[in-house]
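Raw upload.txt, compact mmCIF, C-alpha atoms and all ligand atoms:
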```txt
# COMPACT_ATOMS: atom_id res chain seq x y z
CA MET S 18 -45.64 133.49 -18.73
CA THR S 19 -45.50 130.94 -15.92
CA THR S 20 -47.02 131.82 -12.58
CA THR S 21 -46.01 130.22 -9.34
CA ASP S 22 -48.83 129.12 -7.05
CA ASN S 23 -48.15 130.79 -3.73
CA SER S 24 -51.63 130.31 -2.26
CA GLY S 25 -50.19 128.06 0.45
CA ASP S 26 -47.62 130.61 1.65
CA VAL S 27 -48.34 131.70 5.21
CA ARG S 28 -47.05 135.15 6.12
CA LEU S 29 -47.30 136.56 9.63
CA SER S 30 -46.41 140.25 9.92
CA GLY S 31 -45.96 141.79 13.36
CA ILE S 32 -48.52 139.41 14.77
CA SER S 33 -48.91 139.41 18.54
CA LYS S 34 -51.32 138.32 21.26
CA THR S 35 -51.84 139.81 24.68
CA TYR S 36 -54.21 138.70 27.40
CA GLY S 37 -54.64 141.74 29.65
CA ALA S 38 -51.15 142.67 30.81
CA PHE S 39 -49.70 139.28 29.74
CA THR S 40 -48.05 138.93 26.34
CA ALA S 41 -48.43 135.35 25.04
CA VAL S 42 -46.91 136.10 21.60
CA GLN S 43 -44.50 138.99 21.03
CA PRO S 44 -44.69 140.77 17.65
CA LEU S 45 -43.70 138.05 15.23
CA ASP S 46 -42.70 138.06 11.56
CA LEU S 47 -42.65 134.65 9.94
CA THR S 48 -43.01 133.30 6.42
CA VAL S 49 -43.79 129.66 5.78
CA PRO S 50 -43.36 128.81 2.09
CA GLN S 51 -46.02 126.91 0.17
CA GLY S 52 -45.57 123.16 0.33
CA SER S 53 -43.18 123.10 3.26
CA PHE S 54 -43.38 121.09 6.46
CA PHE S 55 -42.83 123.68 9.16
CA ALA S 56 -42.61 123.10 12.92
CA LEU S 57 -43.21 125.50 15.78
CA LEU S 58 -41.15 124.01 18.60
CA GLY S 59 -40.97 125.08 22.22
CA ALA S 60 -41.72 124.27 25.84
CA SER S 61 -45.20 124.44 27.29
CA GLY S 62 -46.50 128.01 27.47
CA CYS S 63 -44.11 129.55 24.91
CA GLY S 64 -46.94 130.71 22.65
CA LYS S 65 -46.85 128.14 19.85
CA THR S 66 -50.51 127.07 20.09
CA THR S 67 -51.63 130.70 20.26
CA THR S 68 -49.64 131.39 17.08
CA LEU S 69 -51.25 128.40 15.36
CA ARG S 70 -54.72 129.48 16.49
CA MET S 71 -54.16 132.95 15.03
CA ILE S 72 -53.33 131.34 11.66
CA ALA S 73 -56.49 129.22 11.92
CA GLY S 74 -58.63 132.21 12.86
CA LEU S 75 -59.55 130.68 16.22
CA GLU S 76 -57.79 133.50 18.05
CA GLU S 77 -57.86 137.16 17.06
CA PRO S 78 -54.41 138.79 16.97
CA SER S 79 -53.91 141.84 19.20
CA ALA S 80 -51.84 143.37 16.38
CA GLY S 81 -50.42 142.39 13.00
CA THR S 82 -51.69 140.56 9.95
CA VAL S 83 -51.97 137.01 8.61
CA HIS S 84 -51.67 136.45 4.86
CA LEU S 85 -52.31 133.23 2.99
CA GLY S 86 -50.69 133.70 -0.38
CA ASP S 87 -51.66 137.24 -1.40
CA GLN S 88 -54.86 137.26 0.64
CA ASP S 89 -55.09 139.10 3.95
CA VAL S 90 -57.16 136.71 6.09
CA THR S 91 -56.66 138.48 9.42
CA ARG S 92 -60.35 139.33 9.78
CA LEU S 93 -61.77 136.21 8.12
CA PRO S 94 -63.57 133.66 10.33
CA PRO S 95 -61.98 130.18 10.46
CA TYR S 96 -64.43 128.54 8.08
CA LYS S 97 -63.65 131.09 5.35
CA ARG S 98 -59.91 130.38 5.48
CA PRO S 99 -58.43 127.65 3.24
CA VAL S 100 -56.98 126.10 6.39
CA ASN S 101 -57.86 123.09 8.49
CA THR S 102 -56.62 121.94 11.89
CA VAL S 103 -55.86 118.53 13.40
CA PHE S 104 -55.91 118.53 17.20
CA GLN S 105 -54.36 116.18 19.73
CA SER S 106 -57.82 114.98 20.71
CA TYR S 107 -58.87 113.48 17.40
CA ALA S 108 -62.41 114.89 17.80
CA LEU S 109 -63.96 112.15 15.65
CA PHE S 110 -67.72 111.56 15.71
CA PRO S 111 -68.08 108.35 17.77
CA HIS S 112 -71.45 107.32 16.32
CA LEU S 113 -70.29 107.64 12.67
CA ASP S 114 -68.12 105.06 10.94
CA ILE S 115 -64.72 106.00 9.50
CA PHE S 116 -66.11 106.57 6.01
CA GLU S 117 -68.76 108.98 7.30
CA ASN S 118 -66.28 110.76 9.57
CA VAL S 119 -64.13 111.51 6.53
CA ALA S 120 -67.14 112.31 4.31
CA PHE S 121 -68.50 114.80 6.84
CA GLY S 122 -66.87 117.93 5.38
CA LEU S 123 -68.08 117.10 1.87
CA ARG S 124 -71.65 116.34 2.95
CA ARG S 125 -71.80 119.57 4.94
CA ARG S 126 -70.99 121.43 1.72
CA GLY S 127 -73.91 119.66 0.06
CA ILE S 128 -71.80 117.34 -2.08
CA LYS S 129 -73.77 114.16 -2.83
CA SER S 130 -71.31 111.82 -4.56
CA VAL S 131 -68.57 111.48 -2.02
CA LYS S 132 -67.51 107.85 -2.49
CA LYS S 133 -64.53 108.37 -4.79
CA GLN S 134 -63.04 111.25 -2.81
CA VAL S 135 -63.46 109.53 0.56
CA GLU S 136 -61.93 106.30 -0.75
CA GLU S 137 -58.97 108.20 -2.18
CA MET S 138 -58.46 109.94 1.14
CA LEU S 139 -58.70 106.67 3.11
CA ASP S 140 -56.15 105.12 0.74
CA LEU S 141 -53.85 108.09 1.31
CA VAL S 142 -53.85 107.42 5.05
CA GLN S 143 -53.82 103.64 4.45
CA LEU S 144 -57.17 102.95 6.10
CA GLY S 145 -59.10 101.70 3.07
CA GLU S 146 -59.86 98.43 4.85
CA GLN S 147 -61.26 100.12 7.95
CA ALA S 148 -63.96 102.25 6.31
CA ARG S 149 -66.91 100.62 8.06
CA LYS S 150 -65.45 100.49 11.54
CA LYS S 151 -66.36 102.93 14.30
CA PRO S 152 -63.60 105.13 15.81
CA HIS S 153 -63.46 103.11 19.06
CA GLN S 154 -62.52 100.02 17.03
CA LEU S 155 -59.30 101.68 15.80
CA SER S 156 -55.96 102.25 17.52
CA GLY S 157 -54.90 105.75 18.57
CA GLY S 158 -52.59 106.07 15.56
CA GLN S 159 -55.34 104.95 13.18
CA GLN S 160 -57.80 107.40 14.72
CA GLN S 161 -55.29 110.20 14.25
CA ARG S 162 -54.96 109.22 10.57
CA VAL S 163 -58.75 109.45 10.22
CA ALA S 164 -58.55 112.95 11.71
CA VAL S 165 -55.89 113.85 9.10
CA ALA S 166 -58.02 112.41 6.25
CA ARG S 167 -61.04 114.34 7.48
CA ALA S 168 -59.02 117.56 7.62
CA LEU S 169 -57.60 117.06 4.12
CA ILE S 170 -60.82 116.12 2.31
CA ASN S 171 -61.79 119.73 1.62
CA HIS S 172 -58.38 120.36 0.03
CA PRO S 173 -57.11 123.08 2.38
CA LYS S 174 -54.06 125.06 1.28
CA VAL S 175 -52.61 124.73 4.75
CA LEU S 176 -52.93 121.99 7.37
CA LEU S 177 -52.28 122.98 10.97
CA LEU S 178 -51.37 120.23 13.42
CA ASP S 179 -51.54 121.00 17.14
CA GLU S 180 -49.52 118.35 19.06
CA PRO S 181 -51.28 115.70 16.94
CA LEU S 182 -49.13 112.84 18.26
CA GLY S 183 -49.13 113.89 21.91
CA ALA S 184 -51.54 111.16 23.04
CA LEU S 185 -49.64 108.29 21.40
CA ASP S 186 -46.99 106.10 22.98
CA LEU S 187 -43.38 106.54 21.85
CA LYS S 188 -43.25 103.71 19.31
CA LEU S 189 -46.51 104.73 17.64
CA ARG S 190 -45.46 108.37 17.70
CA ARG S 191 -42.29 107.53 15.76
CA GLN S 192 -44.31 105.56 13.17
CA MET S 193 -46.81 108.42 12.82
CA GLN S 194 -44.02 110.97 12.37
CA LEU S 195 -42.88 109.12 9.25
CA GLU S 196 -46.46 108.59 8.16
CA LEU S 197 -47.36 112.30 8.43
CA LYS S 198 -44.20 113.20 6.54
CA ARG S 199 -45.16 110.78 3.76
CA ILE S 200 -48.70 112.18 3.59
CA GLN S 201 -47.39 115.75 3.43
CA THR S 202 -45.00 114.87 0.60
CA GLU S 203 -47.84 113.17 -1.27
CA VAL S 204 -50.40 115.99 -0.96
CA GLY S 205 -47.74 118.70 -1.30
CA ILE S 206 -49.57 121.35 0.78
CA THR S 207 -48.15 123.43 3.62
CA PHE S 208 -48.12 121.67 7.02
CA ILE S 209 -47.51 123.69 10.21
CA HIS S 210 -46.91 121.40 13.13
CA VAL S 211 -46.83 122.45 16.79
CA THR S 212 -44.80 120.31 19.17
CA HIS S 213 -42.72 120.48 22.35
CA ASP S 214 -40.74 117.40 21.25
CA GLN S 215 -37.46 118.41 19.61
CA GLU S 216 -36.88 114.99 18.09
CA GLU S 217 -40.32 115.10 16.48
CA ALA S 218 -39.72 118.55 15.00
CA MET S 219 -36.26 117.59 13.76
CA THR S 220 -37.49 114.33 12.17
CA MET S 221 -40.43 115.79 10.32
CA ALA S 222 -39.90 119.41 9.46
CA ASP S 223 -37.96 121.08 6.63
CA ARG S 224 -37.76 124.18 8.78
CA VAL S 225 -38.22 124.70 12.50
CA ALA S 226 -38.93 127.86 14.50
CA VAL S 227 -37.77 127.46 18.11
CA MET S 228 -40.02 129.55 20.37
CA ASN S 229 -39.26 130.77 23.88
CA ALA S 230 -41.36 133.14 26.01
CA GLY S 231 -43.53 134.30 23.10
CA ARG S 232 -40.63 134.90 20.70
CA VAL S 233 -38.97 132.97 17.91
CA GLU S 234 -35.40 132.46 19.15
CA GLN S 235 -34.11 130.92 15.93
CA LEU S 236 -35.48 129.64 12.67
CA GLY S 237 -33.78 127.26 10.29
CA ALA S 238 -33.33 123.79 8.88
CA PRO S 239 -33.11 121.17 11.66
CA ALA S 240 -29.44 120.34 11.04
CA ASP S 241 -28.46 124.03 11.02
CA LEU S 242 -30.25 124.67 14.32
CA TYR S 243 -28.54 121.68 15.90
CA GLU S 244 -25.07 122.33 14.56
CA ASN S 245 -25.09 126.10 14.69
CA PRO S 246 -27.44 127.34 17.43
CA SER S 247 -27.43 131.09 17.94
CA THR S 248 -28.61 131.24 21.56
CA THR S 249 -27.98 129.21 24.69
CA PHE S 250 -31.70 128.44 24.85
CA VAL S 251 -31.67 126.83 21.39
CA ALA S 252 -28.37 125.05 22.07
CA ASN S 253 -29.74 123.46 25.23
CA PHE S 254 -33.29 122.83 24.00
CA LEU S 255 -32.05 120.82 21.02
CA GLY S 256 -29.60 118.61 22.87
CA THR S 257 -26.49 118.58 25.00
CA SER S 258 -24.25 121.51 24.17
CA ASN S 259 -21.15 121.20 26.43
CA LEU S 260 -20.75 124.92 27.05
CA ILE S 261 -17.25 126.07 28.05
CA GLU S 262 -16.54 129.61 29.26
CA ALA S 263 -13.94 131.28 27.06
CA GLU S 264 -12.50 134.68 26.22
CA VAL S 265 -11.66 136.04 22.77
CA ASP S 266 -7.90 136.08 22.22
CA THR S 267 -7.46 136.92 18.55
CA THR S 268 -9.62 137.20 15.44
CA SER S 269 -7.95 136.78 12.10
CA GLY S 270 -9.77 136.43 8.80
CA ASP S 271 -12.36 133.73 9.22
CA GLU S 272 -11.09 132.21 12.46
CA ILE S 273 -11.49 133.23 16.09
CA VAL S 274 -9.09 131.93 18.73
CA LEU S 275 -10.28 131.86 22.34
CA LYS S 276 -8.62 131.22 25.68
CA ALA S 277 -10.29 128.52 27.77
CA GLY S 278 -9.15 126.41 30.71
CA GLY S 279 -5.48 127.32 30.25
CA GLY S 280 -5.52 126.36 26.54
CA LYS S 281 -6.76 127.70 23.22
CA LEU S 282 -9.86 126.83 21.19
CA ALA S 283 -10.61 127.92 17.62
CA LEU S 284 -13.82 128.28 15.65
CA PRO S 285 -14.91 129.77 12.33
CA THR S 286 -16.09 133.40 12.58
CA GLY S 287 -19.38 132.44 10.93
CA ARG S 288 -20.21 130.08 13.78
CA CYS S 289 -19.88 132.64 16.55
CA ALA S 290 -23.08 134.40 17.64
CA ALA S 291 -21.23 136.53 20.22
CA PRO S 292 -19.28 139.78 19.78
CA THR S 293 -15.67 138.93 18.89
CA THR S 294 -13.71 141.84 20.33
CA THR S 295 -10.56 140.77 22.19
CA GLY S 296 -11.33 140.01 25.83
CA GLY S 297 -15.04 139.42 25.06
CA LYS S 298 -16.70 136.51 26.90
CA VAL S 299 -17.98 133.65 24.73
CA LEU S 300 -19.56 130.32 25.60
CA VAL S 301 -17.97 127.72 23.35
CA GLY S 302 -20.14 124.70 22.53
CA VAL S 303 -19.64 121.34 20.86
CA ARG S 304 -22.09 118.45 20.51
CA PRO S 305 -21.14 115.24 22.40
CA GLU S 306 -20.90 113.05 19.29
CA LYS S 307 -18.42 115.43 17.65
CA ILE S 308 -15.82 114.91 20.39
CA SER S 309 -13.13 112.19 20.29
CA LEU S 310 -11.42 110.87 23.39
CA THR S 311 -7.76 109.89 23.57
CA HIS S 312 -5.99 108.57 26.65
CA ALA S 313 -3.59 111.23 27.98
CA ASP S 314 -0.62 108.84 27.41
CA ASP S 315 -1.41 108.79 23.67
CA ALA S 316 -2.03 112.55 23.30
CA GLY S 317 0.90 112.80 20.84
CA GLU S 318 -1.21 110.93 18.27
CA ILE S 319 -3.87 113.64 18.07
CA PRO S 320 -3.66 115.43 14.72
CA ALA S 321 -2.66 119.10 14.77
CA GLY S 322 -5.33 121.75 14.32
CA ARG S 323 -7.95 120.14 16.55
CA ASN S 324 -9.49 121.84 19.55
CA ARG S 325 -8.41 120.06 22.69
CA VAL S 326 -9.07 120.17 26.43
CA THR S 327 -7.88 117.79 29.12
CA GLY S 328 -10.17 115.88 31.46
CA LYS S 329 -10.75 112.88 33.69
CA ILE S 330 -13.45 110.29 33.01
CA ALA S 331 -16.12 110.63 35.73
CA ASP S 332 -18.63 108.13 34.39
CA ALA S 333 -19.01 105.72 31.47
CA SER S 334 -22.30 104.08 30.46
CA PHE S 335 -22.91 101.72 27.61
CA ILE S 336 -26.18 102.59 25.83
CA GLY S 337 -26.93 100.46 22.78
CA VAL S 338 -24.30 101.12 20.13
CA SER S 339 -22.91 104.19 21.87
CA THR S 340 -20.85 104.64 25.01
CA GLN S 341 -21.69 107.83 26.86
CA TYR S 342 -18.94 109.38 28.95
CA VAL S 343 -19.10 112.18 31.48
CA VAL S 344 -15.74 113.91 31.71
CA ASP S 345 -14.60 116.38 34.40
CA SER S 346 -12.55 119.07 32.74
CA PRO S 347 -10.45 121.94 34.06
CA ALA S 348 -12.06 123.93 31.23
CA GLY S 349 -14.68 124.50 33.91
CA ALA S 350 -17.35 122.13 32.75
CA GLU S 351 -18.58 118.59 32.99
CA LEU S 352 -18.50 117.49 29.36
CA ALA S 353 -20.59 114.76 27.70
CA VAL S 354 -18.97 112.63 25.02
CA TYR S 355 -20.81 109.99 22.94
CA VAL S 356 -18.66 107.46 21.11
CA GLN S 357 -20.10 104.86 18.71
CA ASN S 358 -19.10 101.20 18.56
CA VAL S 359 -16.44 101.11 21.26
CA ASP S 360 -14.92 97.66 21.75
CA ARG S 361 -15.45 96.47 25.30
CA ASP S 362 -11.67 96.29 25.84
CA ALA S 363 -11.12 99.81 24.50
CA ARG S 364 -13.66 101.45 26.82
CA LEU S 365 -12.18 104.15 29.03
CA VAL S 366 -12.85 103.71 32.72
CA PRO S 367 -13.66 106.30 35.41
CA GLY S 368 -10.51 107.95 36.68
CA ALA S 369 -8.67 107.77 33.34
CA ASP S 370 -6.90 110.94 32.25
CA VAL S 371 -7.97 111.87 28.74
CA VAL S 372 -7.74 114.54 26.07
CA LEU S 373 -11.01 115.57 24.44
CA HIS S 374 -10.51 116.81 20.90
CA TRP S 375 -12.71 117.95 18.04
CA SER S 376 -12.67 119.95 14.85
CA PRO S 377 -12.95 123.76 15.03
CA ALA S 378 -15.58 123.37 12.27
CA HIS S 379 -17.86 121.61 14.78
CA THR S 380 -17.49 124.33 17.39
CA PHE S 381 -20.03 127.12 17.96
CA GLY S 382 -19.82 130.30 19.99
CA LEU S 383 -22.65 131.88 21.98
CA ASP S 384 -23.10 135.18 23.74
CA ALA S 385 -22.02 134.62 27.36
CA SER S 386 -24.22 137.48 28.59
CA GLN S 387 -27.30 135.34 27.90
CA SER S 388 -28.62 133.16 30.68
CA VAL S 389 -27.95 129.45 30.40
CA LEU S 390 -30.82 127.02 31.04
P1 LIG S 401 -48.73 124.20 25.46
O1 LIG S 401 -47.80 123.28 24.76
O2 LIG S 401 -48.78 123.96 26.93
O3 LIG S 401 -50.08 124.30 24.81
P2 LIG S 401 -48.00 126.65 24.13
O4 LIG S 401 -46.59 126.95 23.83
O5 LIG S 401 -48.81 126.18 23.02
O6 LIG S 401 -48.06 125.66 25.36
P3 LIG S 401 -49.94 128.70 24.43
O7 LIG S 401 -51.10 127.77 24.59
O8 LIG S 401 -49.82 129.41 23.14
O9 LIG S 401 -48.59 127.98 24.76
O10 LIG S 401 -50.01 129.77 25.61
C1 LIG S 401 -49.03 130.79 25.74
C2 LIG S 401 -49.27 131.54 27.03
O11 LIG S 401 -50.50 132.26 26.95
C3 LIG S 401 -49.41 130.61 28.25
O12 LIG S 401 -48.73 131.21 29.33
C4 LIG S 401 -50.89 130.56 28.50
O13 LIG S 401 -51.16 130.38 29.87
C5 LIG S 401 -51.35 131.93 28.02
N1 LIG S 401 -52.74 131.90 27.52
C6 LIG S 401 -53.19 131.14 26.49
N2 LIG S 401 -54.52 131.35 26.28
C7 LIG S 401 -54.91 132.25 27.23
C8 LIG S 401 -56.16 132.90 27.56
N3 LIG S 401 -57.27 132.65 26.86
N4 LIG S 401 -56.15 133.77 28.58
C9 LIG S 401 -55.03 134.05 29.28
N5 LIG S 401 -53.82 133.49 29.01
C10 LIG S 401 -53.76 132.60 28.02
```
Can you present the structure in this file as structure tokens?
Amino acid sequence: MTTTDNSGDVRLSGISKTYGAFTAVQPLDLTVPQGSFFALLGASGCGKTTTLRMIAGLEEPSAGTVHLGDQDVTRLPPYKRPVNTVFQSYALFPHLDIFENVAFGLRRRGIKSVKKQVEEMLDLVQLGEQARKKPHQLSGGQQQRVAVARALINHPKVLLLDEPLGALDLKLRRQMQLELKRIQTEVGITFIHVTHDQEEAMTMADRVAVMNAGRVEQLGAPADLYENPSTTFVANFLGTSNLIEAEVDTTSGDEIVLKAGGGKLALPTGRCAAPTTTGGKVLVGVRPEKISLTHADDAGEIPAGRNRVTGKIADASFIGVSTQYVVDSPAGAELAVYVQNVDRDARLVPGADVVLHWSPAHTFGLDASQSVL
């Protein structure tokens, strides 16, 4: 019989945290599978660090349980959990060299021959050459890698990362995102990463939980969250969503047709998170890079079956390879459109009358009774 190792599964059941009358984390059920790179994403104060600290054992839940694999660790102190944490402040020992910083966890457990393990760990984070330097002689990114090596040396089942890249500049942060992803793939253990940076979560994680006001709003693979958000909060937090107010006209089979701005828009039933009864209000969304622009004079060339609304170019800015347009539309919204590789001569200018068109398959529907950010 083969057994699957699930000791790195993290299962939160009804876990919550209150401080007096204030609820920082609402009752939360969440399973993070062994070996995955999972991100808790949300704005400051949404409860992501508190959730992470409850997994680490640094914060006692007000209710609910934490399981690692089959073990209920809810009442275990941090040091008895097979979990380690990397913080934004690297918390390295300034007087010890890099080798000794990484060796610390082994020595504390009374292990004498540490050389091989420490060298392996330093190789993993590509700092083999820096072993005899002191922390202040390393860059911020290198220091963060030492912190990761030190956290991994005791072979935890789960590594928790609390805004680990928050202190780094943008370029270094991007490098470290790829580096952390590589390290996670190599060691194969569960990583749970807390961040407020949507790009960081989307780049690194296999699955992302978007948190808002102590609740998980939506959980899924990054591309699914981006392409098929289920709330206005998620739609807006993960990018520009171009929300258009619409009303359900007809629903037939797997397609919904809505009335918007004097025209009709269609979307697949499976992409609508709002009730679909006729007359129901829906916010229709589409990401800016999914929209094509055609000059109103050439509207006859637009293939049938595409969603379309009319508009007038309000602003055009050239940003690297993409041209970003702002379009005023009678659909009731100012719409953003990003077009790649536009020839200078073909760029549309402010004042031009245009038709915006896109595939129904790239359209999502949200519940209009929710507040919009
Ligand atoms: P940030 O990115 O700013 O750390 P976060 O999403 O990680 O934000 P938490 O640190 O989990 O948020 O805090 C969630 C809420 O709980 C915040 O409103 C915070 O002020 C509150 N909170 C956290 N710790 C305590 C505490 N010890 N006592 C009272 N309130 C607290």
Which residues of chain S sit at most 10 Å from ligand LIG 401 (chain S), using all atoms listed in the file? Give each one's shortest atom pair and distance in Å (one decimal place), in chain and ascending residue order, as JSON lines.
```
{"residue": "S:Lys34", "atom": "CA", "partner": "S:LIG401", "partner_atom": "O11", "distance": 8.4}
{"residue": "S:Thr35", "atom": "CA", "partner": "S:LIG401", "partner_atom": "N5", "distance": 7.9}
{"residue": "S:Tyr36", "atom": "CA", "partner": "S:LIG401", "partner_atom": "C9", "distance": 5.1}
{"residue": "S:Gly37", "atom": "CA", "partner": "S:LIG401", "partner_atom": "C9", "distance": 7.7}
{"residue": "S:Ala38", "atom": "CA", "partner": "S:LIG401", "partner_atom": "C9", "distance": 9.6}
{"residue": "S:Phe39", "atom": "CA", "partner": "S:LIG401", "partner_atom": "N5", "distance": 7.1}
{"residue": "S:Thr40", "atom": "CA", "partner": "S:LIG401", "partner_atom": "O11", "distance": 7.1}
{"residue": "S:Ala41", "atom": "CA", "partner": "S:LIG401", "partner_atom": "O11", "distance": 4.2}
{"residue": "S:Val42", "atom": "CA", "partner": "S:LIG401", "partner_atom": "C1", "distance": 7.1}
{"residue": "S:Leu57", "atom": "CA", "partner": "S:LIG401", "partner_atom": "O4", "distance": 8.9}
{"residue": "S:Leu58", "atom": "CA", "partner": "S:LIG401", "partner_atom": "O4", "distance": 8.1}
{"residue": "S:Gly59", "atom": "CA", "partner": "S:LIG401", "partner_atom": "O4", "distance": 6.1}
{"residue": "S:Ala60", "atom": "CA", "partner": "S:LIG401", "partner_atom": "O4", "distance": 5.9}
{"residue": "S:Ser61", "atom": "CA", "partner": "S:LIG401", "partner_atom": "O2", "distance": 3.6}
{"residue": "S:Gly62", "atom": "CA", "partner": "S:LIG401", "partner_atom": "O9", "distance": 3.4}
{"residue": "S:Cys63", "atom": "CA", "partner": "S:LIG401", "partner_atom": "O4", "distance": 3.8}
{"residue": "S:Gly64", "atom": "CA", "partner": "S:LIG401", "partner_atom": "O8", "distance": 3.2}
{"residue": "S:Lys65", "atom": "CA", "partner": "S:LIG401", "partner_atom": "O4", "distance": 4.2}
{"residue": "S:Thr66", "atom": "CA", "partner": "S:LIG401", "partner_atom": "O5", "distance": 3.5}
{"residue": "S:Thr67", "atom": "CA", "partner": "S:LIG401", "partner_atom": "O8", "distance": 3.6}
{"residue": "S:Thr68", "atom": "CA", "partner": "S:LIG401", "partner_atom": "O8", "distance": 6.4}
{"residue": "S:Leu69", "atom": "CA", "partner": "S:LIG401", "partner_atom": "O8", "distance": 8.0}
{"residue": "S:Arg70", "atom": "CA", "partner": "S:LIG401", "partner_atom": "O8", "distance": 8.3}
{"residue": "S:Met71", "atom": "CA", "partner": "S:LIG401", "partner_atom": "O8", "distance": 9.9}
{"residue": "S:Glu76", "atom": "CA", "partner": "S:LIG401", "partner_atom": "N3", "distance": 8.9}
{"residue": "S:Asp179", "atom": "CA", "partner": "S:LIG401", "partner_atom": "O5", "distance": 8.3}
{"residue": "S:Glu180", "atom": "CA", "partner": "S:LIG401", "partner_atom": "O1", "distance": 7.7}
{"residue": "S:Gly183", "atom": "CA", "partner": "S:LIG401", "partner_atom": "O1", "distance": 9.9}
{"residue": "S:Val211", "atom": "CA", "partner": "S:LIG401", "partner_atom": "O5", "distance": 7.5}
{"residue": "S:Thr212", "atom": "CA", "partner": "S:LIG401", "partner_atom": "O1", "distance": 7.0}
{"residue": "S:His213", "atom": "CA", "partner": "S:LIG401", "partner_atom": "O1", "distance": 6.3}
{"residue": "S:Asp214", "atom": "CA", "partner": "S:LIG401", "partner_atom": "O1", "distance": 9.8}
{"residue": "S:Met228", "atom": "CA", "partner": "S:LIG401", "partner_atom": "O4", "distance": 7.9}
{"residue": "S:Asn229", "atom": "CA", "partner": "S:LIG401", "partner_atom": "O4", "distance": 8.3}
{"residue": "S:Ala230", "atom": "CA", "partner": "S:LIG401", "partner_atom": "C1", "distance": 8.0}
{"residue": "S:Gly231", "atom": "CA", "partner": "S:LIG401", "partner_atom": "C1", "distance": 7.0}
```
I'd like the neighbourhood of range 291-307 of chain S as a ChimeraX atom specification, where a residue qualifies if any of its atoms comes within 7 Å (using only C-alpha atoms), though same-chain residues fewer than 5 positions away should be ignored. /S:257-267,353-356,375,379-385
Which residue out of S:Arg191, S:Gln387, S:Val326, S:Ala184 has the minimum interatomic distance to Thr248 in chain S when all atoms listed in the file are used?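 For Thr248 in chain S, the nearest of the given residues is S:Gln387.
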For Phe54 in chain S, list every protein, DNA or RNA residue within 8 Å, evaluated using all atoms listed in the file, and leave out those in the same chain fewer than 2 positions away; present the list as a list in words.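 Counting only the stated atoms, we get Gly52, Ala56, Lys198, Gln201, Thr207, Phe208, Ile209, His210, Met221, Ala222, Asp223 and Arg224 of chain S.
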Could you tell me which of S:Ser30, S:Asn118, S:Gln215, S:Gln160 comes closest to Asn253 in chain S if we count all atoms listed in the file? S:Gln215
Could you give me, as number ranges by chain, the residues within 10 Å of range 335-348 of chain S, counting all atoms listed in the file and dropping anything in the same chain fewer than 4 positions from it? S: 260-263, 276-280, 305-306, 310, 326-331, 352-361, 364-373
Between CA of Ala73 in chain S and CA of Thr91 in chain S, what is the spacing in Å?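 Taking CA of Thr91 in chain S and CA of Ala73 in chain S, their separation equals 9.6 Å.
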What is the CA of Gly205 in chain S to CA of Val103 in chain S distance in Å? 16.8 Å
When distances are computed from only C-alpha atoms, which of S:Ile72, S:Val142, S:Val274, S:Leu185 shows the smallest separation from Arg92 in chain S?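 For Arg92 in chain S, the nearest of the given residues is S:Ile72.
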Would you mind reading off the distance between CA of Lys174 in chain S and CA of Gly25 in chain S, one decimal, in Å? 5.0 Å
Can you tell me which residues surround Arg162 in chain S at a distance of at most 10 Å, considering all atoms listed in the file, apart from same-chain residues fewer than 5 positions away, and format the answer as a ChimeraX atom specification? /S:103,107,139,141-144,156-157,167-168,181,193,196-197,200
Nearest to Ser309 in chain S, chosen from S:Ala164, S:Phe250, S:His374, S:Pro50, with all atoms listed in the file counted in the distances: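 Ranked by minimum distance to Ser309 in chain S, first place goes to S:His374.
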Give me range 90-98 of chain S with N, CA and C atoms filled in, as a PDB file, keeping the file's coordinate frame.
```
ATOM      1  N   VAL S  90     -56.049 137.456   5.471  1.00  0.00           N
ATOM      2  CA  VAL S  90     -57.160 136.710   6.090  1.00  0.00           C
ATOM      3  C   VAL S  90     -57.355 137.095   7.558  1.00  0.00           C
ATOM      4  N   THR S  91     -56.659 138.146   7.984  1.00  0.00           N
ATOM      5  CA  THR S  91     -56.660 138.480   9.420  1.00  0.00           C
ATOM      6  C   THR S  91     -58.066 138.574  10.000  1.00  0.00           C
ATOM      7  N   ARG S  92     -58.994 139.134   9.234  1.00  0.00           N
ATOM      8  CA  ARG S  92     -60.350 139.330   9.780  1.00  0.00           C
ATOM      9  C   ARG S  92     -61.331 138.251   9.313  1.00  0.00           C
ATOM     10  N   LEU S  93     -60.846 137.250   8.608  1.00  0.00           N
ATOM     11  CA  LEU S  93     -61.770 136.210   8.120  1.00  0.00           C
ATOM     12  C   LEU S  93     -62.036 135.177   9.221  1.00  0.00           C
ATOM     13  N   PRO S  94     -63.291 134.725   9.363  1.00  0.00           N
ATOM     14  CA  PRO S  94     -63.570 133.660  10.330  1.00  0.00           C
ATOM     15  C   PRO S  94     -62.921 132.359   9.866  1.00  0.00           C
ATOM     16  N   PRO S  95     -62.705 131.411  10.794  1.00  0.00           N
ATOM     17  CA  PRO S  95     -61.980 130.180  10.460  1.00  0.00           C
ATOM     18  C   PRO S  95     -62.538 129.469   9.237  1.00  0.00           C
ATOM     19  N   TYR S  96     -63.852 129.363   9.150  1.00  0.00           N
ATOM     20  CA  TYR S  96     -64.430 128.540   8.080  1.00  0.00           C
ATOM     21  C   TYR S  96     -64.248 129.169   6.702  1.00  0.00           C
ATOM     22  N   LYS S  97     -63.877 130.464   6.654  1.00  0.00           N
ATOM     23  CA  LYS S  97     -63.650 131.090   5.350  1.00  0.00           C
ATOM     24  C   LYS S  97     -62.174 131.053   4.951  1.00  0.00           C
ATOM     25  N   ARG S  98     -61.334 130.476   5.811  1.00  0.00           N
ATOM     26  CA  ARG S  98     -59.910 130.380   5.480  1.00  0.00           C
ATOM     27  C   ARG S  98     -59.624 129.018   4.850  1.00  0.00           C
TER      28      ARG S  98
END
```
